[in-house]
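What's in my_file_35.csv: CSV, C-alpha atoms
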```csv
chain,number,residue,atom,x,y,z
A,834,MET,CA,-124.0,-45.3,7.8
A,835,ALA,CA,-120.7,-46.2,9.1
A,836,VAL,CA,-117.8,-47.9,7.5
A,837,GLY,CA,-115.3,-49.7,9.5
A,838,ILE,CA,-111.8,-50.4,8.3
A,839,PRO,CA,-109.6,-52.6,10.4
A,840,VAL,CA,-106.3,-50.6,11.2
A,841,ASN,CA,-104.8,-52.9,13.8
A,842,ALA,CA,-102.9,-54.9,11.2
A,843,ALA,CA,-101.6,-51.7,9.6
A,844,LEU,CA,-100.7,-50.1,13.0
A,845,THR,CA,-98.8,-53.3,14.0
A,846,THR,CA,-96.9,-53.2,10.7
A,847,VAL,CA,-96.1,-49.5,11.2
A,848,LYS,CA,-95.1,-50.1,14.8
A,849,GLU,CA,-92.8,-52.9,13.8
A,850,LYS,CA,-91.2,-50.9,11.0
A,851,THR,CA,-90.7,-47.9,13.4
A,852,ILE,CA,-89.1,-50.1,16.1
A,853,SER,CA,-86.9,-51.8,13.5
A,854,VAL,CA,-85.8,-48.4,12.0
A,855,LEU,CA,-85.3,-46.9,15.5
A,856,VAL,CA,-83.2,-49.9,16.7
A,857,GLY,CA,-81.3,-50.1,13.4
A,858,GLY,CA,-80.6,-46.3,13.5
A,859,LEU,CA,-79.4,-46.6,17.1
A,860,LEU,CA,-77.2,-49.5,16.2
A,861,VAL,CA,-75.7,-47.7,13.2
A,862,THR,CA,-75.3,-44.5,15.3
A,863,GLY,CA,-73.6,-46.5,18.1
A,864,VAL,CA,-71.3,-48.3,15.7
A,865,LEU,CA,-70.5,-44.9,13.9
A,866,PHE,CA,-69.9,-43.3,17.3
A,867,LEU,CA,-67.6,-46.1,18.5
A,868,THR,CA,-65.7,-46.0,15.1
A,869,LEU,CA,-65.3,-42.2,15.3
A,870,GLY,CA,-64.2,-42.4,18.9
A,871,PHE,CA,-61.7,-45.1,18.1
A,872,PHE,CA,-60.2,-43.2,15.2
A,873,PHE,CA,-60.3,-39.9,17.1
A,874,ASN,CA,-58.4,-41.5,20.0
A,875,ARG,CA,-56.0,-43.1,17.5
A,876,VAL,CA,-55.3,-40.0,15.4
A,877,VAL,CA,-55.9,-36.9,17.6
A,878,VAL,CA,-55.6,-37.9,21.2
A,879,SER,CA,-52.4,-40.0,20.8
A,880,ASP,CA,-50.8,-37.2,18.8
A,881,LEU,CA,-51.7,-34.8,21.6
A,882,ARG,CA,-50.2,-37.2,24.1
A,883,ASN,CA,-47.1,-37.4,22.0
A,884,VAL,CA,-46.8,-33.6,22.0
A,885,LEU,CA,-47.3,-33.6,25.8
A,886,GLU,CA,-44.5,-36.1,26.0
A,887,VAL,CA,-42.2,-33.7,24.0
A,888,PHE,CA,-42.9,-31.1,26.6
A,889,ARG,CA,-42.3,-33.6,29.4
A,890,ALA,CA,-38.9,-34.6,27.9
A,891,GLY,CA,-37.7,-31.0,28.4
A,892,LEU,CA,-38.4,-31.1,32.1
A,893,ARG,CA,-35.4,-30.6,34.4
A,894,ASP,CA,-36.5,-30.5,38.0
A,895,ASP,CA,-39.1,-31.8,40.4
A,896,GLU,CA,-41.2,-28.7,40.3
A,897,GLU,CA,-41.6,-29.0,36.5
A,898,GLU,CA,-42.4,-32.7,36.9
A,899,ARG,CA,-45.1,-31.9,39.5
A,900,PHE,CA,-46.6,-29.3,37.1
A,901,PHE,CA,-46.7,-32.0,34.4
A,902,GLN,CA,-48.5,-34.4,36.7
A,903,GLU,CA,-51.1,-31.8,37.4
A,904,ILE,CA,-51.8,-31.1,33.8
A,905,HIS,CA,-51.6,-34.8,32.9
A,906,SER,CA,-54.8,-35.4,35.0
A,907,LYS,CA,-56.7,-32.9,32.8
A,908,ASP,CA,-58.0,-33.6,29.3
A,909,GLU,CA,-55.4,-33.5,26.5
A,910,ILE,CA,-56.5,-30.1,25.1
A,911,THR,CA,-56.4,-28.4,28.5
A,912,ALA,CA,-53.1,-30.1,29.3
A,913,LEU,CA,-51.7,-28.9,26.0
A,914,GLN,CA,-52.8,-25.4,26.6
A,915,SER,CA,-51.3,-25.4,30.1
A,916,ALA,CA,-48.0,-26.8,28.8
A,917,ALA,CA,-47.9,-24.2,26.0
A,918,ARG,CA,-48.6,-21.5,28.6
A,919,ALA,CA,-45.8,-22.8,30.9
A,920,MET,CA,-43.4,-23.0,27.9
A,921,ALA,CA,-44.2,-19.4,26.9
A,922,LEU,CA,-43.5,-18.3,30.5
A,923,TYR,CA,-40.3,-20.2,30.6
A,924,LEU,CA,-39.2,-18.8,27.2
A,925,ARG,CA,-40.0,-15.3,28.4
A,926,ASP,CA,-38.0,-15.8,31.6
A,927,THR,CA,-35.1,-17.3,29.7
A,928,ARG,CA,-35.1,-14.5,27.1
A,929,ARG,CA,-35.0,-11.9,29.9
A,930,GLN,CA,-32.2,-13.7,31.6
A,931,LEU,CA,-30.2,-13.9,28.3
A,932,GLU,CA,-30.7,-10.2,27.7
A,933,GLU,CA,-29.5,-9.4,31.2
A,934,ASN,CA,-26.5,-11.7,30.7
A,935,ALA,CA,-25.7,-10.1,27.3
A,936,LEU,CA,-25.9,-6.6,28.9
A,937,HIS,CA,-23.6,-7.6,31.7
A,938,LEU,CA,-21.3,-9.3,29.3
A,939,GLU,CA,-21.1,-6.1,27.1
A,940,GLN,CA,-20.3,-4.1,30.2
A,941,THR,CA,-17.7,-6.5,31.4
A,942,VAL,CA,-16.0,-6.6,28.0
A,943,ALA,CA,-16.0,-2.8,27.8
A,944,GLU,CA,-14.5,-2.6,31.2
A,945,ARG,CA,-11.8,-5.2,30.5
A,946,THR,CA,-11.0,-3.5,27.2
A,947,ARG,CA,-10.5,-0.1,28.9
A,948,GLU,CA,-8.3,-1.7,31.6
A,949,LEU,CA,-6.2,-3.5,29.0
A,950,SER,CA,-5.8,-0.2,27.1
A,951,GLU,CA,-4.7,1.6,30.3
A,952,SER,CA,-2.3,-1.3,31.1
A,953,GLU,CA,-0.9,-1.3,27.6
A,954,GLN,CA,-0.2,2.4,27.8
A,955,ARG,CA,1.5,2.1,31.2
A,956,LEU,CA,3.7,-0.7,29.8
A,957,ARG,CA,4.6,1.4,26.8
A,958,ASP,CA,5.5,4.3,29.0
A,959,GLN,CA,7.6,2.0,31.2
A,960,VAL,CA,9.4,0.5,28.2
A,961,ALA,CA,10.1,4.0,26.8
A,962,ALA,CA,11.5,5.1,30.2
A,963,ARG,CA,13.7,2.0,30.4
A,964,ASN,CA,14.9,2.5,26.8
A,965,ARG,CA,15.9,6.1,27.6
A,966,GLU,CA,17.7,4.9,30.8
A,967,LEU,CA,19.5,2.2,28.8
A,968,LYS,CA,20.5,4.6,26.1
A,969,THR,CA,21.8,7.1,28.6
A,970,LEU,CA,23.7,4.3,30.5
A,971,ASN,CA,25.3,3.2,27.1
A,972,ILE,CA,26.3,6.8,26.4
A,973,LEU,CA,27.7,7.2,29.9
A,974,ALA,CA,29.6,3.9,29.5
A,975,GLU,CA,31.0,5.1,26.1
A,976,LEU,CA,32.1,8.4,27.6
A,977,THR,CA,33.8,6.9,30.6
A,978,THR,CA,35.6,4.2,28.5
A,979,GLN,CA,36.9,6.7,26.0
A,980,GLY,CA,40.5,7.7,26.7
A,981,GLU,CA,39.6,11.4,27.2
A,982,CYS,CA,40.4,13.7,30.1
A,983,LEU,CA,38.0,13.4,33.0
A,984,SER,CA,37.4,17.2,33.0
A,985,ASP,CA,35.9,16.8,29.4
A,986,VAL,CA,33.9,13.6,30.3
A,987,PHE,CA,32.2,15.0,33.5
A,988,PRO,CA,30.2,17.8,31.8
A,989,ARG,CA,28.9,15.4,29.1
A,990,VAL,CA,28.0,12.7,31.8
A,991,LEU,CA,26.2,15.4,33.8
A,992,GLY,CA,24.3,16.6,30.7
A,993,HIS,CA,23.1,13.1,29.7
A,994,THR,CA,22.1,12.4,33.3
A,995,LEU,CA,20.0,15.5,33.4
A,996,ASP,CA,18.3,14.3,30.2
A,997,LEU,CA,17.4,11.1,32.0
A,998,ILE,CA,16.1,12.4,35.2
A,999,SER,CA,13.7,15.3,35.6
A,1000,ALA,CA,15.7,18.0,37.4
A,1001,ASP,CA,16.3,21.7,36.8
A,1002,GLY,CA,20.0,21.4,37.5
A,1003,ALA,CA,22.7,19.2,39.0
A,1004,GLY,CA,26.2,19.1,40.1
A,1005,LEU,CA,28.9,16.4,40.1
A,1006,PHE,CA,30.9,16.1,43.4
A,1007,LEU,CA,33.9,13.9,44.3
A,1008,ILE,CA,35.0,13.1,47.8
A,1009,GLN,CA,38.5,14.1,48.6
A,1010,GLU,CA,39.8,11.2,50.7
A,1011,ASP,CA,42.5,13.1,52.4
A,1012,THR,CA,40.2,15.8,53.7
A,1013,SER,CA,36.9,14.0,53.6
A,1014,THR,CA,35.2,16.9,51.9
A,1015,LEU,CA,33.2,17.2,48.7
A,1016,GLU,CA,34.7,19.0,45.7
A,1017,LEU,CA,32.4,20.3,43.0
A,1018,LEU,CA,33.8,19.1,39.6
A,1019,CYS,CA,31.1,20.5,37.4
A,1020,GLN,CA,27.6,21.8,37.5
A,1021,LYS,CA,24.8,22.6,35.1
A,1022,HIS,CA,21.9,25.0,36.0
A,1023,ALA,CA,22.7,24.5,39.6
A,1024,THR,CA,23.1,27.2,42.2
A,1025,ASN,CA,25.7,27.0,45.0
```

Could you take the file, read its structure, and then write that structure out as structure tokens?
Amino acid sequence: MAVGIPVNAALTTVKEKTISVLVGGLLVTGVLFLTLGFFFNRVVVSDLRNVLEVFRAGLRDDEEERFFQEIHSKDEITALQSAARAMALYLRDTRRQLEENALHLEQTVAERTRELSESEQRLRDQVAARNRELKTLNILAELTTQGECLSDVFPRVLGHTLDLISADGAGLFLIQEDTSTLELLCQKHATN
């Protein structure tokens, strides 16, 4: 015995339901994909482009502009990685250059300070020498203007002169006009 059940009507219904679910699922998935793509572009990609524009705003020369054009042709994530790598290299080079400049600056300041100290010491020595000379000249002027006898003034003038100049001894001579000879008036630690 055989029993026959017609399944064509049921298969047609199942087929229609399957096709409608499949088409509906594809439509919903497509709409969901388009919506996610739109929001992803709106939120993530535009922000990444804004970050890339921040990098671009710091460019100074044509080489950097060419580099930006190269990375701009890539996707945003790769471009951002390349820009971050370039920025890290630039910062490293800039830091090295700043450290070198600081080192040279410290050396230059130390050298200038040493030179200024030496110059200051030379000026102090010169001022002290000039002060001694002026003091001696004042004393000599006082001695010569005092109404004393020249034979008393000459030894004191000679003593003060020896204090001013570095010599072991000295003598004071006058020219005798009538004989054109030198006459020794006084001496101090000098040999004939």

task = Take atom CA of A:Thr868 and atom CA of A:Ile910 and report the distance between them in Å, one decimal.
result =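 Interatomic distance here is 20.9 Å.
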
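The coordinates place atom CA of A:Val856 at 22.0 Å from atom CA of A:Asn841.
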
task = Tell me, in Å to one decimal, how far atom CA of A:Leu1005 is from atom CA of A:Lys1021.
result =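 Interatomic distance, atom CA of A:Leu1005 to atom CA of A:Lys1021: 9.0 Å.
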
Radius query 7 Å about (30.7, 19.1, 38.9), atoms used: only C-alpha atoms, as a PyMOL selection string = chain A and resi 987+1004-1006+1017-1020
